Amino acid sequence: MKTFLITYLFCLAILIGPAYNMYVHYDFSHSIDTESYLTMSNGDYNVNPVHRYRFIIPCTAKFIAWPLQVVYTKLWPHRAESLWPLQLAYFIVNTLLTALYGWLVYKIIRLYSNQLTAVVIALTAVLTSRWVAYIAGLPLTDSLYLIAIAALLYSIKTKNTILFAVVVLSGGLAKESFLLFAPLILLAGPGTWYLRAGLLIASLAILFTEHALIDIWLPMTETATVTKETLIDIFIRHVNQTAETLETLLSVRGLGEIFTVLGIFTFVIIYGTLNKSIRSNWKTSIEKYYWIFFACILIHALISGDAARMLYFGSTLYGILIALATQDIILNIQLKKSDGI
């Protein structure tokens with residue numbers, strides 16, 4: 001418990017400042033996503049069908065916003081009837097969940113490196129991405145999705161069948177695109193292949209049932225800005241924009257967006273890619289199923305209109321790469337010192 005608290009508070013300390021600035025200063029008129037989730041928290045599910053089924057975070061934020069509104073009425077009465085209490089609730093929920101994601105990343109990286117300095121540097125790289133402030137500070141649902149991804153990777157690495165089953169069955173409720181990890185689940189998950197296949201089928205059933213129930217309880221009305229779409233319609237529409245996304249990513253602006261995923265820490269991975277010793281260490285230490293994982297992340301990016309943010313969903317892998325590269329650099333420095341160079 002002590003180790004958990006120290007690591008969790010370290011993660012929280014890194015991300016809470018940038019996340020708070022994002023929460024206070026962000027212009028919400030620029031984001032259709034945040035508008036959808038804020039609207040859902042107020043009980044109106046007549047929003048973009050891409051968002052309307054991700055109910056867990058909006059419901060949680062609404063629950064937390066109730067007591068916050070009382071506080072606002074006492075301290076800031078001019079804001080009490082605005083969206084400020086709800087936006088603060090999202091900030092609290094997403095910051096706490098993103099810090100939990102950081103703790104899971106730490107647990108995973110520790111399975112690959114015992115060099116604490118390297119682990120801390122890698123964890124810092126993951127938590128100082130510009131997208132962390134975005135995910136933790138705004139009314140979004142990506143924080144829960146990050147936890148689902150990290151928990152999936154941890155369950156595969158540790159062969160924890162129970163955790164694996166729970167994550168596979170519930171991951172789609174965090175975000176429907178979790179099903180894009182189906183190849184990873186089928187080929188790398190613990191247990192027999194028919195168990196993994198059965199879990200995927202059950203996950204699909206849970207997801208479609210959830211969509212059907214929401215459609216029954218909260219029927220959608222088409223408007224000038226909202227069009228009814230099924231999960232399959234949404235997927236096909238996103239696949240059709242793949243070529244456009246790829247063209248954008250290969251432009252100068254697109255490459256700059258990719259650089260925002262890890263910022264200056266991108267150079268550590270570039271250095272490792274060019275260094276034979278580090279490349280060899282990566283090849284030896286990191287399981288081949290991470291190639292499948294990274295391919296799934298690339299698919300996320302290509303079918304999304306926000307490719308750089310989707311690429312951040314692979315940050316657990318980037319953390320492992322950075323930790324192993326940093327560990328190799330530290331060992332080389334230590335060897336040179338011991339040789340008197």
# chains A, B, ... in the order shown; residues from 1 in each chain; ligands from 1
$ select_by_dssp --residues "region 20-250 of chain A" --states "helix (DSSP H, G or I)" --output "number ranges by chain"
A: 20-25, 28-30, 32-41, 56-75, 84-110, 116-127, 130-137, 142-158, 161-174, 176-188, 193-217, 231-240, 242-249
$ closest_atom_pairs --of "region 262-303 of chain A" --to "region 171-194 of chain A" --cutoff "10 Å" --atoms "only C-alpha atoms" --output "CSV"
residue,atom,partner,partner_atom,distance
A:Glu287,CA,A:Ala188,CA,9.7
A:Lys288,CA,A:Ala188,CA,9.3
A:Tyr289,CA,A:Ala188,CA,6.3
A:Tyr290,CA,A:Leu184,CA,8.4
A:Trp291,CA,A:Leu184,CA,9.2
A:Ile292,CA,A:Leu184,CA,5.9
A:Phe293,CA,A:Leu184,CA,6.1
A:Phe294,CA,A:Leu184,CA,9.6
A:Ala295,CA,A:Phe181,CA,9.2
A:Cys296,CA,A:Phe181,CA,5.9
A:Ile297,CA,A:Phe181,CA,8.4
A:Ile299,CA,A:Leu180,CA,7.7
A:His300,CA,A:Ser177,CA,7.4
$ write_last_selection --atoms "all heavy atoms" --output "tab-separated table (two decimals), in the first residue's frame"
chain	number	residue	atom	x	y	z
A	287	GLU	N	8.50	-8.36	-25.70
A	287	GLU	CA	7.83	-9.46	-26.39
A	287	GLU	C	7.38	-9.05	-27.79
A	287	GLU	O	7.07	-7.90	-28.05
A	287	GLU	CB	6.60	-9.93	-25.59
A	287	GLU	CG	6.93	-10.56	-24.25
A	287	GLU	CD	7.11	-9.55	-23.13
A	287	GLU	OE1	7.04	-8.32	-23.43
A	287	GLU	OE2	7.30	-9.96	-21.99
A	288	LYS	N	7.34	-10.04	-28.66
A	288	LYS	CA	6.96	-9.79	-30.06
A	288	LYS	C	5.51	-9.33	-30.19
A	288	LYS	O	5.13	-8.68	-31.17
A	288	LYS	CB	7.19	-11.04	-30.91
A	288	LYS	CG	8.66	-11.33	-31.15
A	288	LYS	CD	8.83	-12.55	-32.05
A	288	LYS	CE	10.29	-12.75	-32.43
A	288	LYS	NZ	11.17	-12.96	-31.27
A	289	TYR	N	4.66	-9.65	-29.20
A	289	TYR	CA	3.26	-9.24	-29.32
A	289	TYR	C	3.09	-7.73	-29.26
A	289	TYR	O	2.03	-7.20	-29.61
A	289	TYR	CB	2.37	-9.93	-28.28
A	289	TYR	CG	2.65	-9.63	-26.82
A	289	TYR	CD1	2.37	-8.39	-26.25
A	289	TYR	CD2	3.18	-10.62	-25.99
A	289	TYR	CE1	2.59	-8.13	-24.92
A	289	TYR	CE2	3.42	-10.38	-24.65
A	289	TYR	CZ	3.13	-9.14	-24.10
A	289	TYR	OH	3.36	-8.88	-22.78
A	290	TYR	N	4.14	-7.01	-28.87
A	290	TYR	CA	4.05	-5.55	-28.87
A	290	TYR	C	4.01	-5.01	-30.31
A	290	TYR	O	3.57	-3.87	-30.52
A	290	TYR	CB	5.17	-4.93	-28.07
A	290	TYR	CG	4.82	-4.77	-26.60
A	290	TYR	CD1	5.26	-5.67	-25.64
A	290	TYR	CD2	4.01	-3.72	-26.19
A	290	TYR	CE1	4.91	-5.53	-24.30
A	290	TYR	CE2	3.65	-3.56	-24.86
A	290	TYR	CZ	4.10	-4.47	-23.93
A	290	TYR	OH	3.74	-4.32	-22.61
A	291	TRP	N	4.48	-5.79	-31.26
A	291	TRP	CA	4.32	-5.39	-32.66
A	291	TRP	C	2.83	-5.36	-33.02
A	291	TRP	O	2.37	-4.46	-33.72
A	291	TRP	CB	5.06	-6.35	-33.59
A	291	TRP	CG	6.54	-6.17	-33.60
A	291	TRP	CD1	7.49	-6.97	-32.99
A	291	TRP	CD2	7.28	-5.12	-34.23
A	291	TRP	NE1	8.76	-6.48	-33.20
A	291	TRP	CE2	8.66	-5.35	-33.97
A	291	TRP	CE3	6.92	-4.02	-35.01
A	291	TRP	CZ2	9.66	-4.52	-34.45
A	291	TRP	CZ3	7.92	-3.18	-35.49
A	291	TRP	CH2	9.27	-3.43	-35.20
A	292	ILE	N	2.11	-6.37	-32.52
A	292	ILE	CA	0.66	-6.40	-32.76
A	292	ILE	C	0.00	-5.22	-32.05
A	292	ILE	O	-0.88	-4.55	-32.61
A	292	ILE	CB	0.06	-7.73	-32.24
A	292	ILE	CG1	0.75	-8.93	-32.89
A	292	ILE	CG2	-1.45	-7.77	-32.48
A	292	ILE	CD1	0.33	-10.27	-32.30
A	293	PHE	N	0.43	-4.98	-30.82
A	293	PHE	CA	-0.12	-3.86	-30.05
A	293	PHE	C	0.09	-2.55	-30.79
A	293	PHE	O	-0.84	-1.73	-30.94
A	293	PHE	CB	0.54	-3.79	-28.67
A	293	PHE	CG	0.19	-2.56	-27.88
A	293	PHE	CD1	-1.08	-2.39	-27.35
A	293	PHE	CD2	1.13	-1.54	-27.69
A	293	PHE	CE1	-1.41	-1.24	-26.63
A	293	PHE	CE2	0.82	-0.40	-26.97
A	293	PHE	CZ	-0.47	-0.25	-26.44
A	294	PHE	N	1.31	-2.32	-31.29
A	294	PHE	CA	1.59	-1.07	-31.98
A	294	PHE	C	0.80	-0.96	-33.28
A	294	PHE	O	0.35	0.13	-33.65
A	294	PHE	CB	3.10	-0.94	-32.27
A	294	PHE	CG	3.49	0.41	-32.82
A	294	PHE	CD1	3.29	1.56	-32.07
A	294	PHE	CD2	4.04	0.53	-34.08
A	294	PHE	CE1	3.63	2.81	-32.58
A	294	PHE	CE2	4.40	1.77	-34.59
A	294	PHE	CZ	4.18	2.91	-33.84
A	295	ALA	N	0.60	-2.08	-33.97
A	295	ALA	CA	-0.22	-2.06	-35.18
A	295	ALA	C	-1.66	-1.64	-34.84
A	295	ALA	O	-2.29	-0.88	-35.59
A	295	ALA	CB	-0.22	-3.44	-35.84
A	296	CYS	N	-2.17	-2.12	-33.70
A	296	CYS	CA	-3.51	-1.72	-33.25
A	296	CYS	C	-3.58	-0.23	-32.97
A	296	CYS	O	-4.58	0.43	-33.28
A	296	CYS	CB	-3.91	-2.52	-32.01
A	296	CYS	SG	-4.09	-4.30	-32.27
A	297	ILE	N	-2.50	0.30	-32.38
A	297	ILE	CA	-2.45	1.75	-32.11
A	297	ILE	C	-2.42	2.55	-33.41
A	297	ILE	O	-3.09	3.58	-33.53
A	297	ILE	CB	-1.21	2.09	-31.25
A	297	ILE	CG1	-1.31	1.45	-29.87
A	297	ILE	CG2	-1.02	3.60	-31.14
A	297	ILE	CD1	-2.49	1.91	-29.04
A	299	ILE	N	-3.76	1.67	-36.20
A	299	ILE	CA	-5.12	1.63	-36.74
A	299	ILE	C	-5.99	2.67	-36.03
A	299	ILE	O	-6.77	3.38	-36.67
A	299	ILE	CB	-5.72	0.22	-36.60
A	299	ILE	CG1	-4.95	-0.77	-37.47
A	299	ILE	CG2	-7.19	0.22	-36.98
A	299	ILE	CD1	-5.33	-2.22	-37.24
A	300	HIS	N	-5.84	2.76	-34.70
A	300	HIS	CA	-6.54	3.81	-33.94
A	300	HIS	C	-6.29	5.18	-34.59
A	300	HIS	O	-7.22	5.97	-34.79
A	300	HIS	CB	-6.03	3.86	-32.49
A	300	HIS	CG	-6.70	2.93	-31.55
A	300	HIS	ND1	-6.45	1.58	-31.54
A	300	HIS	CD2	-7.59	3.14	-30.55
A	300	HIS	CE1	-7.16	1.01	-30.57
A	300	HIS	NE2	-7.86	1.93	-29.97
$ residues_around --residues "Ile6 (chain A)" --least-positions-apart "6" --cutoff "12 Å" --atoms "only C-alpha atoms" --output "VMD selection string"
chain A and resid 12 to 13 99 to 100 102 to 103 106
$ closest_residue --among "A:Lys107, A:Thr141, A:Leu302, A:Val126" --to "Thr3 (chain A)" --atoms "only C-alpha atoms"
A:Lys107
$ residues_around --residues "region 317-321 of chain A" --least-positions-apart "4" --cutoff "10 Å" --atoms "only C-alpha atoms" --output "PyMOL selection string"
chain A and resi 105-106+108-113+118-127+150+153+261-262+265-266+268-269+272-273+278-279+281-282+285-286+290-291+293-294+312-313+325-327
$ atom_distance --atom1 "CA of Lys228 (chain A)" --atom2 "CA of Asn48 (chain A)"
8.3 Å
$ atom_distance --atom1 "CA of Ser36 (chain A)" --atom2 "CA of Leu15 (chain A)"
24.2 Å
$ closest_residue --among "A:Ile162, A:Leu83, A:Leu138, A:Cys59" --to "Thr34 (chain A)" --atoms "only C-alpha atoms"
A:Leu138
$ closest_residue --among "A:Ile329, A:Leu298, A:Ala133, A:Ala202" --to "Val167 (chain A)" --atoms "only C-alpha atoms"
A:Ala202
$ atom_distance --atom1 "CA of Lys62 (chain A)" --atom2 "CA of Glu35 (chain A)"
14.2 Å
$ residues_around --residues "Ala61 (chain A)" --least-positions-apart "5" --cutoff "10 Å" --atoms "only C-alpha atoms" --output "VMD selection string"
chain A and resid 37 to 38 41 to 42 56 66 85 to 94 139
$ write_last_selection --atoms "all heavy atoms" --output "CSV table (one decimal), in the first residue's frame"
chain,number,residue,atom,x,y,z
A,37,TYR,N,-19.9,15.3,-23.9
A,37,TYR,CA,-19.9,14.7,-22.6
A,37,TYR,C,-20.5,15.5,-21.5
A,37,TYR,O,-21.2,15.0,-20.6
A,37,TYR,CB,-18.4,14.3,-22.2
A,37,TYR,CG,-17.9,13.2,-23.2
A,37,TYR,CD1,-16.7,13.5,-23.9
A,37,TYR,CD2,-18.6,12.1,-23.4
A,37,TYR,CE1,-16.2,12.5,-24.8
A,37,TYR,CE2,-18.1,11.1,-24.3
A,37,TYR,CZ,-16.9,11.4,-25.0
A,37,TYR,OH,-16.4,10.4,-25.9
A,38,LEU,N,-20.3,16.9,-21.6
A,38,LEU,CA,-21.0,17.8,-20.7
A,38,LEU,C,-22.5,17.7,-20.9
A,38,LEU,O,-23.2,17.7,-19.9
A,38,LEU,CB,-20.5,19.2,-20.9
A,38,LEU,CG,-19.1,19.5,-20.5
A,38,LEU,CD1,-18.6,20.9,-21.0
A,38,LEU,CD2,-19.0,19.5,-19.0
A,41,SER,N,-23.8,14.5,-19.3
A,41,SER,CA,-23.8,14.6,-17.8
A,41,SER,C,-25.1,15.3,-17.3
A,41,SER,O,-25.5,15.1,-16.2
A,41,SER,CB,-22.6,15.3,-17.3
A,41,SER,OG,-21.4,14.5,-17.4
A,42,ASN,N,-25.6,16.1,-18.2
A,42,ASN,CA,-26.8,16.8,-17.8
A,42,ASN,C,-28.1,16.1,-18.2
A,42,ASN,O,-29.2,16.6,-18.2
A,42,ASN,CB,-26.8,18.2,-18.5
A,42,ASN,CG,-25.9,19.2,-17.7
A,42,ASN,OD1,-25.9,19.2,-16.5
A,42,ASN,ND2,-25.3,20.1,-18.4
A,56,ILE,N,-20.0,6.0,-18.6
A,56,ILE,CA,-19.4,5.8,-17.2
A,56,ILE,C,-18.8,7.1,-16.7
A,56,ILE,O,-19.2,7.5,-15.5
A,56,ILE,CB,-18.3,4.7,-17.3
A,56,ILE,CG1,-18.9,3.4,-17.7
A,56,ILE,CG2,-17.7,4.6,-15.9
A,56,ILE,CD1,-17.9,2.3,-17.9
A,66,TRP,N,-22.7,17.2,-8.0
A,66,TRP,CA,-23.8,17.7,-7.1
A,66,TRP,C,-23.3,18.4,-5.9
A,66,TRP,O,-23.7,19.5,-5.6
A,66,TRP,CB,-24.7,16.4,-6.8
A,66,TRP,CG,-25.6,16.0,-7.9
A,66,TRP,CD1,-26.1,16.8,-8.9
A,66,TRP,CD2,-26.2,14.7,-8.1
A,66,TRP,NE1,-26.9,16.1,-9.7
A,66,TRP,CE2,-27.0,14.8,-9.2
A,66,TRP,CE3,-26.0,13.5,-7.4
A,66,TRP,CZ2,-27.7,13.7,-9.7
A,66,TRP,CZ3,-26.7,12.4,-7.9
A,66,TRP,CH2,-27.5,12.5,-9.1
A,85,PRO,N,-19.1,23.8,-12.1
A,85,PRO,CA,-19.1,22.7,-11.2
A,85,PRO,C,-18.9,21.3,-11.9
A,85,PRO,O,-18.2,20.5,-11.4
A,85,PRO,CB,-20.4,22.7,-10.5
A,85,PRO,CG,-20.9,24.2,-10.6
A,85,PRO,CD,-20.3,24.6,-11.9
A,86,LEU,N,-19.5,21.2,-13.0
A,86,LEU,CA,-19.4,20.0,-13.8
A,86,LEU,C,-18.1,19.8,-14.4
A,86,LEU,O,-17.5,18.7,-14.4
A,86,LEU,CB,-20.5,20.0,-14.9
A,86,LEU,CG,-20.8,18.6,-15.6
A,86,LEU,CD1,-21.0,17.5,-14.7
A,86,LEU,CD2,-21.9,18.8,-16.6
A,87,GLN,N,-17.5,20.9,-14.9
A,87,GLN,CA,-16.2,20.9,-15.5
A,87,GLN,C,-15.1,20.5,-14.4
A,87,GLN,O,-14.2,19.8,-14.6
A,87,GLN,CB,-15.8,22.2,-16.1
A,87,GLN,CG,-16.6,22.4,-17.4
A,87,GLN,CD,-16.5,23.9,-18.0
A,87,GLN,OE1,-17.2,24.3,-18.9
A,87,GLN,NE2,-15.6,24.7,-17.4
A,88,LEU,N,-15.3,21.1,-13.2
A,88,LEU,CA,-14.4,20.7,-12.1
A,88,LEU,C,-14.6,19.2,-11.7
A,88,LEU,O,-13.6,18.6,-11.4
A,88,LEU,CB,-14.8,21.6,-10.9
A,88,LEU,CG,-14.0,21.3,-9.6
A,88,LEU,CD1,-12.5,21.5,-9.8
A,88,LEU,CD2,-14.4,22.2,-8.4
A,89,ALA,N,-15.8,18.7,-11.8
A,89,ALA,CA,-16.0,17.3,-11.5
A,89,ALA,C,-15.2,16.4,-12.5
A,89,ALA,O,-14.6,15.4,-12.1
A,89,ALA,CB,-17.5,17.0,-11.5
A,90,TYR,N,-15.3,16.8,-13.8
A,90,TYR,CA,-14.5,16.1,-14.8
A,90,TYR,C,-13.0,16.1,-14.5
A,90,TYR,O,-12.3,15.1,-14.6
A,90,TYR,CB,-14.8,16.6,-16.2
A,90,TYR,CG,-16.0,15.9,-16.9
A,90,TYR,CD1,-17.3,16.5,-16.9
A,90,TYR,CD2,-15.8,14.7,-17.5
A,90,TYR,CE1,-18.3,15.9,-17.5
A,90,TYR,CE2,-16.9,14.1,-18.2
A,90,TYR,CZ,-18.1,14.7,-18.2
A,90,TYR,OH,-19.2,14.1,-18.8
A,91,PHE,N,-12.6,17.3,-14.1
A,91,PHE,CA,-11.2,17.5,-13.8
A,91,PHE,C,-10.7,16.6,-12.7
A,91,PHE,O,-9.7,15.9,-12.8
A,91,PHE,CB,-10.9,19.0,-13.4
A,91,PHE,CG,-9.6,19.2,-12.8
A,91,PHE,CD1,-8.4,19.1,-13.5
A,91,PHE,CD2,-9.5,19.5,-11.4
A,91,PHE,CE1,-7.2,19.3,-12.8
A,91,PHE,CE2,-8.3,19.7,-10.7
A,91,PHE,CZ,-7.1,19.6,-11.5
A,92,ILE,N,-11.5,16.5,-11.6
A,92,ILE,CA,-11.2,15.6,-10.5
A,92,ILE,C,-11.2,14.2,-10.9
A,92,ILE,O,-10.2,13.4,-10.6
A,92,ILE,CB,-12.2,15.9,-9.3
A,92,ILE,CG1,-12.1,17.3,-8.8
A,92,ILE,CG2,-12.1,14.8,-8.3
A,92,ILE,CD1,-13.2,17.7,-7.8
A,93,VAL,N,-12.3,13.7,-11.6
A,93,VAL,CA,-12.4,12.3,-12.0
A,93,VAL,C,-11.2,11.9,-12.9
A,93,VAL,O,-10.5,10.9,-12.7
A,93,VAL,CB,-13.7,12.1,-12.7
A,93,VAL,CG1,-13.8,10.7,-13.3
A,93,VAL,CG2,-14.9,12.2,-11.7
A,94,ASN,N,-11.0,12.7,-14.0
A,94,ASN,CA,-10.0,12.4,-15.0
A,94,ASN,C,-8.6,12.5,-14.5
A,94,ASN,O,-7.7,11.7,-14.9
A,94,ASN,CB,-10.2,13.2,-16.2
A,94,ASN,CG,-11.4,12.8,-17.1
A,94,ASN,OD1,-11.7,11.6,-17.1
A,94,ASN,ND2,-12.0,13.7,-17.8
A,139,PRO,N,-13.4,17.5,-20.0
A,139,PRO,CA,-14.5,16.6,-20.0
A,139,PRO,C,-14.4,15.6,-21.1
A,139,PRO,O,-15.1,15.7,-22.1
A,139,PRO,CB,-15.7,17.5,-20.1
A,139,PRO,CG,-15.3,18.8,-19.7
A,139,PRO,CD,-13.9,18.9,-20.2
